[in-house]
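*Asks:* upload-v6.txt (compact mmCIF, C-alpha atoms) pasted underneath:
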# COMPACT_ATOMS: atom_id res chain seq x y z
CA MET A 156 91.95 40.12 144.07
CA MET A 157 93.51 43.49 143.28
CA ARG A 158 91.87 45.82 140.78
CA ARG A 159 94.04 47.41 138.13
CA SER A 160 93.80 51.12 137.50
CA PHE A 161 92.59 52.55 134.18
CA GLN A 162 96.15 53.52 133.21
CA GLU A 163 97.37 49.97 133.71
CA ARG A 164 94.86 48.47 131.26
CA ASN A 165 95.68 47.68 127.62
CA PRO A 166 95.04 50.85 125.56
CA THR A 167 94.46 48.81 122.38
CA VAL A 168 91.50 47.00 123.92
CA ILE A 169 90.09 50.26 125.29
CA GLY A 170 90.38 51.95 121.86
CA ALA A 171 88.71 49.02 120.09
CA VAL A 172 85.83 49.02 122.57
CA GLY A 173 85.42 52.81 122.19
CA LEU A 174 85.37 52.64 118.38
CA THR A 175 82.82 49.82 118.51
CA VAL A 176 80.56 51.85 120.80
CA LEU A 177 80.84 54.91 118.53
CA ALA A 178 80.01 52.80 115.46
CA LEU A 179 76.94 51.38 117.21
CA LEU A 180 75.81 54.88 118.20
CA MET A 181 76.18 56.10 114.60
CA VAL A 182 74.16 53.15 113.27
CA LEU A 183 71.44 53.82 115.83
CA ALA A 184 71.42 57.53 114.95
CA PHE A 185 70.93 56.84 111.22
CA ASN A 186 68.18 54.32 111.96
CA ALA A 187 66.45 56.16 114.80
CA GLY A 188 63.16 56.12 112.91
CA ASN A 189 63.13 52.30 112.96
CA LEU A 190 63.74 51.93 116.67
CA PRO A 191 60.78 50.58 118.68
CA ILE A 192 60.70 53.38 121.26
CA ILE A 193 62.13 56.42 119.47
CA GLY A 194 60.80 55.70 115.98
CA GLY A 195 57.78 53.51 116.47
CA GLY A 196 54.87 53.31 114.11
CA THR A 197 53.36 50.70 111.82
CA VAL A 198 54.45 50.16 108.22
CA TYR A 199 51.72 49.67 105.59
CA LYS A 200 51.91 49.12 101.83
CA ALA A 201 49.58 50.34 99.10
CA ALA A 202 49.53 49.62 95.35
CA PHE A 203 49.14 52.45 92.82
CA THR A 204 48.93 52.54 89.03
CA GLU A 205 51.72 55.18 89.02
CA ALA A 206 53.95 57.03 91.47
CA ALA A 207 52.60 60.48 90.43
CA GLY A 208 55.72 62.20 91.74
CA LEU A 209 55.44 60.82 95.29
CA ARG A 210 58.83 60.56 97.00
CA PRO A 211 60.20 58.99 100.19
CA GLY A 212 59.88 61.46 103.05
CA ASP A 213 56.59 62.97 101.87
CA GLU A 214 53.88 63.41 104.48
CA VAL A 215 51.10 60.96 105.32
CA ARG A 216 47.91 62.65 106.55
CA ILE A 217 44.64 61.52 108.04
CA ALA A 218 41.89 64.17 108.04
CA GLY A 219 44.54 66.77 107.25
CA VAL A 220 46.75 65.87 110.24
CA LYS A 221 50.27 64.56 109.68
CA VAL A 222 50.55 61.03 111.12
CA GLY A 223 53.59 59.64 109.33
CA LYS A 224 55.76 59.69 106.24
CA VAL A 225 56.47 57.72 103.08
CA ASP A 226 59.30 55.22 103.49
CA GLY A 227 59.71 53.96 99.95
CA VAL A 228 58.32 53.96 96.40
CA ASP A 229 59.15 50.79 94.41
CA LEU A 230 58.06 49.31 91.09
CA GLU A 231 56.60 45.80 91.23
CA GLY A 232 55.44 44.45 87.90
CA ASP A 233 52.84 46.71 86.33
CA HIS A 234 52.15 48.81 89.43
CA VAL A 235 53.92 50.86 92.09
CA VAL A 236 54.07 49.87 95.75
CA VAL A 237 54.31 52.66 98.31
CA ALA A 238 55.48 51.81 101.82
CA PHE A 239 54.50 54.30 104.50
CA LYS A 240 54.83 54.41 108.28
CA ILE A 241 52.06 55.66 110.59
CA LYS A 242 52.40 56.41 114.29
CA ASN A 243 49.55 56.66 116.83
CA ALA A 244 46.79 56.33 114.21
CA TRP A 245 44.29 53.63 113.24
CA VAL A 246 43.76 52.39 109.66
CA GLY A 247 40.59 50.47 108.82
CA ASP A 248 40.36 47.45 106.54
CA ARG A 249 38.35 49.45 103.95
CA SER A 250 40.40 52.64 104.09
CA ARG A 251 41.30 54.48 100.88
CA VAL A 252 44.81 55.77 100.19
CA ASP A 253 45.12 58.65 97.70
CA ILE A 254 48.10 60.58 96.39
CA LYS A 255 47.12 64.23 96.53
CA ILE A 256 48.72 67.48 95.46
CA LYS A 257 50.16 69.49 98.34
CA THR A 258 51.04 72.58 96.29
CA VAL A 259 50.20 73.78 92.79
CA LEU A 260 53.83 73.23 91.81
CA GLY A 261 53.85 69.47 92.21
CA ALA A 262 54.56 68.61 95.86
CA LYS A 263 52.55 65.54 96.92
CA TYR A 264 51.39 63.83 100.07
CA LEU A 265 49.58 60.61 100.96
CA ALA A 266 46.01 61.03 102.23
CA ILE A 267 44.22 58.20 104.04
CA ASP A 268 40.43 58.10 104.24
CA VAL A 269 39.84 55.83 107.24
CA ALA A 270 36.95 53.37 106.86
CA GLY A 271 36.07 49.85 107.91
CA ASP A 272 35.11 47.86 110.98
CA GLY A 273 38.40 46.04 111.47
CA SER A 274 42.05 47.06 111.34
CA GLN A 275 44.09 46.92 108.15
CA PRO A 276 46.67 44.11 108.43
CA PRO A 277 50.13 45.69 108.02
CA ARG A 278 51.40 42.76 105.94
CA GLU A 279 48.42 42.89 103.56
CA GLU A 280 48.90 45.24 100.62
CA ILE A 281 46.13 47.78 100.00
CA PRO A 282 44.91 47.02 96.45
CA VAL A 283 44.74 49.40 93.49
CA THR A 284 40.93 49.47 93.75
CA ARG A 285 41.27 51.46 96.98
CA THR A 286 43.95 53.89 95.79
CA SER A 287 44.06 56.80 93.33
CA THR A 288 46.56 59.24 91.82
CA PRO A 289 46.03 62.91 90.89
CA PHE A 290 46.44 64.67 87.57
CA ASP A 291 49.55 66.84 87.65
CA VAL A 292 49.53 70.06 85.62
CA PHE A 293 53.30 70.61 85.55
CA PRO A 294 54.21 67.40 83.65
CA ALA A 295 51.31 68.05 81.28
CA PHE A 296 52.77 71.46 80.38
CA GLU A 297 56.20 69.90 79.93
CA GLN A 298 54.82 67.23 77.58
CA LEU A 299 52.73 69.80 75.69
CA THR A 300 55.80 71.96 75.09
CA GLU A 301 57.89 69.00 73.90
CA VAL A 302 55.16 67.65 71.60
CA ALA A 303 54.35 71.08 70.17
CA GLY A 304 58.02 71.70 69.53
CA ARG A 305 58.31 68.51 67.41
CA ILE A 306 55.27 69.32 65.20
CA ASP A 307 56.05 70.74 61.76
CA THR A 308 53.16 73.14 61.36
CA ARG A 309 53.90 73.81 57.68
CA GLN A 310 53.66 70.12 56.78
CA LEU A 311 50.52 69.87 58.86
CA ALA A 312 48.98 72.78 56.96
CA GLN A 313 49.93 71.17 53.61
CA ALA A 314 48.44 67.86 54.71
CA LEU A 315 45.17 69.49 55.71
CA ASP A 316 45.08 71.44 52.42
CA THR A 317 45.58 68.22 50.50
CA LEU A 318 42.87 66.53 52.54
CA SER A 319 40.50 69.42 51.86
CA SER A 320 41.19 69.28 48.11
CA THR A 321 40.68 65.51 48.04
CA PHE A 322 37.28 65.78 49.69
CA LYS A 323 36.13 68.82 47.71
CA ASP A 324 33.31 66.78 46.14
CA SER A 325 32.12 65.51 49.52
CA PRO A 326 28.89 66.71 51.17
CA ALA A 327 28.72 70.31 52.28
CA ASP A 328 29.05 69.52 55.99
CA VAL A 329 32.22 67.43 55.51
CA ARG A 330 33.69 69.94 53.05
CA SER A 331 33.06 72.91 55.39
CA SER A 332 34.67 71.04 58.29
CA LEU A 333 37.77 70.25 56.25
CA THR A 334 37.91 73.85 54.98
CA GLY A 335 37.78 75.08 58.56
CA LEU A 336 40.59 72.70 59.55
CA SER A 337 42.65 73.95 56.64
CA ARG A 338 42.17 77.56 57.68
CA LEU A 339 43.03 76.66 61.25
CA SER A 340 46.23 74.93 60.15
CA ARG A 341 47.26 77.96 58.08
CA THR A 342 46.66 80.22 61.06
CA VAL A 343 48.71 77.96 63.33
CA ALA A 344 51.48 77.77 60.72
CA SER A 345 51.58 81.57 60.38
CA ARG A 346 51.87 81.89 64.17
CA ASP A 347 54.39 79.08 64.55
CA GLN A 348 57.18 81.23 65.97
CA GLN A 349 54.89 83.05 68.38
CA LEU A 350 53.39 79.79 69.64
CA ALA A 351 56.84 78.27 70.12
CA THR A 352 57.97 81.34 72.06
CA LEU A 353 54.80 81.25 74.19
CA LEU A 354 55.22 77.56 75.04
CA ASP A 355 58.92 78.03 75.81
CA ARG A 356 58.21 80.91 78.15
CA THR A 357 55.41 78.92 79.77
CA ARG A 358 57.85 76.11 80.43
CA GLN A 359 60.37 78.55 81.91
CA LEU A 360 57.65 80.00 84.14
CA THR A 361 56.59 76.58 85.42
CA ARG A 362 60.20 75.63 86.11
CA THR A 363 60.80 78.89 87.98
CA LEU A 364 57.69 78.34 90.08
CA SER A 365 58.79 74.77 90.74
CA ASP A 366 62.20 76.01 91.93
CA ARG A 367 60.47 78.51 94.24
CA ASP A 368 58.15 75.88 95.67
CA THR A 369 59.51 76.19 99.22
CA GLN A 370 59.24 79.98 99.25
CA LEU A 371 55.66 79.90 97.94
CA VAL A 372 54.67 77.31 100.53
CA LYS A 373 56.21 79.48 103.26
CA LEU A 374 54.35 82.51 101.88
CA VAL A 375 51.05 80.64 102.02
CA ASP A 376 51.82 79.41 105.55
CA ASP A 377 52.65 82.95 106.69
CA GLY A 378 49.40 84.17 105.15
CA ASN A 379 47.52 81.48 107.05
CA LEU A 380 49.21 82.57 110.29
CA LEU A 381 48.24 86.19 109.62
CA LEU A 382 44.62 85.27 108.95
CA ALA A 383 44.57 83.07 112.05
CA GLU A 384 45.91 85.95 114.17
CA VAL A 385 43.28 88.30 112.73
CA GLN A 386 40.65 85.66 113.47
CA ARG A 387 41.84 85.36 117.08
CA ARG A 388 41.73 89.14 117.54
CA ARG A 389 38.40 89.58 115.80
CA GLN A 390 36.67 90.65 119.00
CA VAL A 391 39.31 93.29 119.72
CA ILE A 392 39.12 94.66 116.17
CA HIS A 393 35.32 94.66 116.36
CA ALA A 394 35.39 96.55 119.67
CA LEU A 395 37.88 99.05 118.21
CA LEU A 396 35.64 99.71 115.22
CA GLN A 397 32.60 100.13 117.44
CA SER A 398 34.49 102.57 119.69
CA THR A 399 35.63 104.55 116.64
CA SER A 400 32.06 104.72 115.37
CA ALA A 401 30.80 105.88 118.77
CA LEU A 402 33.56 108.51 118.94
CA SER A 403 32.61 109.87 115.52
CA LEU A 404 28.97 110.12 116.61
CA GLN A 405 29.99 111.99 119.78
CA LEU A 406 32.15 114.41 117.79
CA SER A 407 29.32 115.00 115.32
CA GLY A 408 26.94 115.72 118.21
CA LEU A 409 29.48 118.06 119.86
CA VAL A 410 29.88 120.05 116.66
CA ALA A 411 26.11 120.19 116.14
CA ASP A 412 25.44 121.32 119.72
CA ASN A 413 28.07 124.07 119.64
CA GLN A 414 27.62 125.20 116.09
CA ARG A 415 26.07 128.54 117.10
CA GLN A 416 28.96 129.35 119.43
CA LEU A 417 31.67 128.01 117.12
CA THR A 418 30.48 129.84 113.99
CA PRO A 419 31.07 133.44 115.31
CA ALA A 420 34.39 132.41 116.86
CA LEU A 421 35.57 130.87 113.60
CA ARG A 422 34.49 133.95 111.69
CA GLN A 423 36.43 136.24 114.06
CA LEU A 424 39.43 133.93 113.82
CA SER A 425 39.21 134.16 110.04
CA GLY A 426 39.20 137.97 110.31
CA VAL A 427 42.26 137.92 112.56
CA VAL A 428 44.11 135.63 110.17
CA THR A 429 43.18 137.89 107.25
CA LEU A 430 44.47 140.96 109.15
CA LEU A 431 47.75 139.22 109.96
CA GLN A 432 48.19 138.24 106.35
CA ARG A 433 47.66 141.83 105.19
CA ASN A 434 50.29 143.08 107.69
CA GLN A 435 52.78 140.29 107.18
CA ASP A 436 55.43 142.61 105.74
CA ASN A 437 55.11 145.03 108.68
CA LEU A 438 55.38 142.16 111.14
CA ASP A 439 58.51 140.89 109.41
CA ARG A 440 60.16 144.34 109.60
CA GLY A 441 59.13 144.73 113.26
CA ILE A 442 60.64 141.36 114.16
CA ALA A 443 63.84 142.22 112.30
CA ALA A 444 64.10 145.62 114.08
CA MET A 445 63.45 144.00 117.47
CA ALA A 446 66.41 141.69 117.16
CA PRO A 447 69.13 144.24 118.27
CA PHE A 448 67.01 145.32 121.25
CA VAL A 449 66.53 141.74 122.34
CA ARG A 450 70.28 141.08 122.07
CA VAL A 451 71.23 144.16 124.17
CA PHE A 452 68.48 143.43 126.70
CA THR A 453 69.72 139.86 127.07
CA ASN A 454 73.28 141.05 127.69
CA THR A 455 71.99 143.48 130.33
CA LEU A 456 70.25 140.71 132.24
CA GLY A 457 73.16 138.34 131.94
CA ASN A 458 74.34 138.78 135.59
CA GLY A 459 71.75 136.71 137.37
CA ARG A 460 69.28 138.65 139.49
CA TRP A 461 70.98 142.00 138.69
CA PHE A 462 71.11 143.99 135.55
CA ASP A 463 73.74 146.44 134.35
CA SER A 464 72.77 150.07 133.73
CA TYR A 465 74.54 153.39 133.11
CA ILE A 466 73.09 156.84 133.85
CA GLN A 467 75.09 159.65 132.34
CA ASN A 468 75.92 162.89 134.36
CA LEU A 469 74.27 161.57 137.54
CA VAL A 470 77.28 162.78 139.60
CA THR A 471 79.23 166.01 138.87
CA PRO A 472 82.82 165.15 138.02
CA ILE A 473 85.52 166.43 140.48
CA PRO A 474 88.19 168.70 138.96
CA ALA A 475 91.70 167.41 139.08
CA SER A 476 92.98 170.64 140.86
CA VAL A 477 90.83 170.09 143.97
CA ASN A 478 92.82 168.68 146.89
CA LEU A 479 90.59 166.27 148.76
CA GLY A 480 93.28 165.48 151.40
CA GLY A 481 93.41 169.02 152.95
CA GLY A 482 97.12 169.54 152.24
CA ARG A 483 98.80 171.98 150.01
Written as structure tokens, that's how I'd like the structure from this file.

*Replies:*
Amino acid sequence: MMRRSFQERNPTVIGAVGLTVLALLMVLAFNAGNLPIIGGGTVYKAAFTEAAGLRPGDEVRIAGVKVGKVDGVDLEGDHVVVAFKIKNAWVGDRSRVDIKIKTVLGAKYLAIDVAGDGSQPPREEIPVTRTSTPFDVFPAFEQLTEVAGRIDTRQLAQALDTLSSTFKDSPADVRSSLTGLSRLSRTVASRDQQLATLLDRTRQLTRTLSDRDTQLVKLVDDGNLLLAEVQRRRQVIHALLQSTSALSLQLSGLVADNQRQLTPALRQLSGVVTLLQRNQDNLDRGIAAMAPFVRVFTNTLGNGRWFDSYIQNLVTPIPASVNLGGGR
């Protein structure tokens, strides 16, 4: 049986097989977390009274260590069911699952408090009695701003005034309480615009901080790294401080031991400095007058080991009428 070469095969079949393989690879890539070897892990479910801002992809931690992530948050009847996957960690049959705040700006994570003698069955839902949700400050500020914005403070003040007038014949304690409420309502009504501006700016601030959540988390992480590095080098810093202290003690002892010798020398040095200050003008003129001499002297010594010089009238000049050749 003869084998056909690759070029002799049907290109349509080869292209279909190649596209099928690529499609399978893409499906596996998008579902890598669910594969038994690459993804792994066990999926559990827990019931909560509310989602509290928890989202798929948030971390799952046991004793502060990340062991998985949240797969889904779904509504079932009057409660929320959170599905989460854990890898290489054990969950007891009496473990608690709590939604906790990761950052002050609203990021959440799932914390598991492991407890129990047996293992938690993955198909058995963890009940609401063993779960809890946190109180989030950011939504509270949002709701406060919206509610405060819808309140008509003037009508509220009028209502409290009417209530105070109606109960004017009531006992003194009730009447004083209503009078205080009336005064409070008038004060709030007079500051209505300022309170609205304050709440609006508070909402803008919380939104800005929420938008900068990632940067603030990174800042905190960098601060933790810095503190950890300082902690690791604590011994070196301690030794440096001890050496500096010892050096200062040695310098103090050196000054104390040589104080008698240093004091006259410093006094003489002070006298010399004072003398130089008094003659500063003369020194300046002397330096200025020395400049031409230094320039000429430098030119004289500019021929290496030799220096140029000129001595006037060292040799008597010969008259032009003298015949040095002996002829006439």

*Asks:* CA of Ile217 (chain A) and CA of Phe239 (chain A), how far apart in Å?

*Replies:* 12.7 Å

*Asks:* Rounded to one decimal place, report the CA of Ala202 (chain A)-CA of Thr288 (chain A) distance in Å.

*Replies:* 10.7 Å

*Asks:* Extract, using only C-alpha atoms, all DNA, RNA and protein residues at most 12 Å from region 261-266 of chain A, discarding same-chain residues fewer than 5 positions from it, and format them as an mmCIF file with C-alpha atoms, in the coordinates of the input.

*Replies:*
data_model
loop_
_atom_site.group_PDB
_atom_site.id
_atom_site.type_symbol
_atom_site.label_atom_id
_atom_site.label_comp_id
_atom_site.auth_asym_id
_atom_site.auth_seq_id
_atom_site.Cartn_x
_atom_site.Cartn_y
_atom_site.Cartn_z
ATOM 1 C CA LYS A 200 51.910 49.120 101.830
ATOM 2 C CA ALA A 201 49.580 50.340 99.100
ATOM 3 C CA PHE A 203 49.140 52.450 92.820
ATOM 4 C CA ALA A 206 53.950 57.030 91.470
ATOM 5 C CA ALA A 207 52.600 60.480 90.430
ATOM 6 C CA GLY A 208 55.720 62.200 91.740
ATOM 7 C CA LEU A 209 55.440 60.820 95.290
ATOM 8 C CA ARG A 210 58.830 60.560 97.000
ATOM 9 C CA PRO A 211 60.200 58.990 100.190
ATOM 10 C CA GLY A 212 59.880 61.460 103.050
ATOM 11 C CA ASP A 213 56.590 62.970 101.870
ATOM 12 C CA GLU A 214 53.880 63.410 104.480
ATOM 13 C CA VAL A 215 51.100 60.960 105.320
ATOM 14 C CA ARG A 216 47.910 62.650 106.550
ATOM 15 C CA ILE A 217 44.640 61.520 108.040
ATOM 16 C CA ALA A 218 41.890 64.170 108.040
ATOM 17 C CA GLY A 219 44.540 66.770 107.250
ATOM 18 C CA VAL A 220 46.750 65.870 110.240
ATOM 19 C CA LYS A 221 50.270 64.560 109.680
ATOM 20 C CA VAL A 222 50.550 61.030 111.120
ATOM 21 C CA GLY A 223 53.590 59.640 109.330
ATOM 22 C CA LYS A 224 55.760 59.690 106.240
ATOM 23 C CA VAL A 225 56.470 57.720 103.080
ATOM 24 C CA ASP A 226 59.300 55.220 103.490
ATOM 25 C CA VAL A 228 58.320 53.960 96.400
ATOM 26 C CA VAL A 237 54.310 52.660 98.310
ATOM 27 C CA ALA A 238 55.480 51.810 101.820
ATOM 28 C CA PHE A 239 54.500 54.300 104.500
ATOM 29 C CA LYS A 240 54.830 54.410 108.280
ATOM 30 C CA ILE A 241 52.060 55.660 110.590
ATOM 31 C CA VAL A 246 43.760 52.390 109.660
ATOM 32 C CA SER A 250 40.400 52.640 104.090
ATOM 33 C CA ARG A 251 41.300 54.480 100.880
ATOM 34 C CA VAL A 252 44.810 55.770 100.190
ATOM 35 C CA ASP A 253 45.120 58.650 97.700
ATOM 36 C CA ILE A 254 48.100 60.580 96.390
ATOM 37 C CA LYS A 255 47.120 64.230 96.530
ATOM 38 C CA ILE A 256 48.720 67.480 95.460
ATOM 39 C CA ARG A 285 41.270 51.460 96.980
ATOM 40 C CA THR A 286 43.950 53.890 95.790
ATOM 41 C CA SER A 287 44.060 56.800 93.330
ATOM 42 C CA THR A 288 46.560 59.240 91.820
ATOM 43 C CA PRO A 289 46.030 62.910 90.890
ATOM 44 C CA PHE A 290 46.440 64.670 87.570
ATOM 45 C CA ASP A 291 49.550 66.840 87.650
ATOM 46 C CA VAL A 292 49.530 70.060 85.620
ATOM 47 C CA PHE A 293 53.300 70.610 85.550
ATOM 48 C CA PRO A 294 54.210 67.400 83.650
ATOM 49 C CA ALA A 295 51.310 68.050 81.280
ATOM 50 C CA THR A 361 56.590 76.580 85.420
ATOM 51 C CA ARG A 362 60.200 75.630 86.110
ATOM 52 C CA LEU A 364 57.690 78.340 90.080
ATOM 53 C CA SER A 365 58.790 74.770 90.740
ATOM 54 C CA ASP A 366 62.200 76.010 91.930
ATOM 55 C CA ARG A 367 60.470 78.510 94.240
ATOM 56 C CA ASP A 368 58.150 75.880 95.670
ATOM 57 C CA THR A 369 59.510 76.190 99.220
ATOM 58 C CA LEU A 371 55.660 79.900 97.940
ATOM 59 C CA VAL A 372 54.670 77.310 100.530
#

*Asks:* Find the residues around region 270-278 of chain A up to 7 Å (all atoms listed in the file counted), leave out those fewer than 4 positions away in its own chain, and share them as a VMD selection string.

*Replies:* chain A and resid 198 to 199 246 to 250

*Asks:* In Å, rounded to a single decimal, give me how far CA of Gly227 (chain A) is from CA of Ala178 (chain A).

*Replies:*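 Atom-to-atom, CA of Ala178 (chain A) and CA of Gly227 (chain A) are spaced 25.6 Å apart.
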
*Asks:* Pick the closest to Thr197 (chain A) from A:Thr429, A:Asn243, A:Thr175, A:Gln416: which is it, counting only C-alpha atoms?

*Replies:* A:Asn243
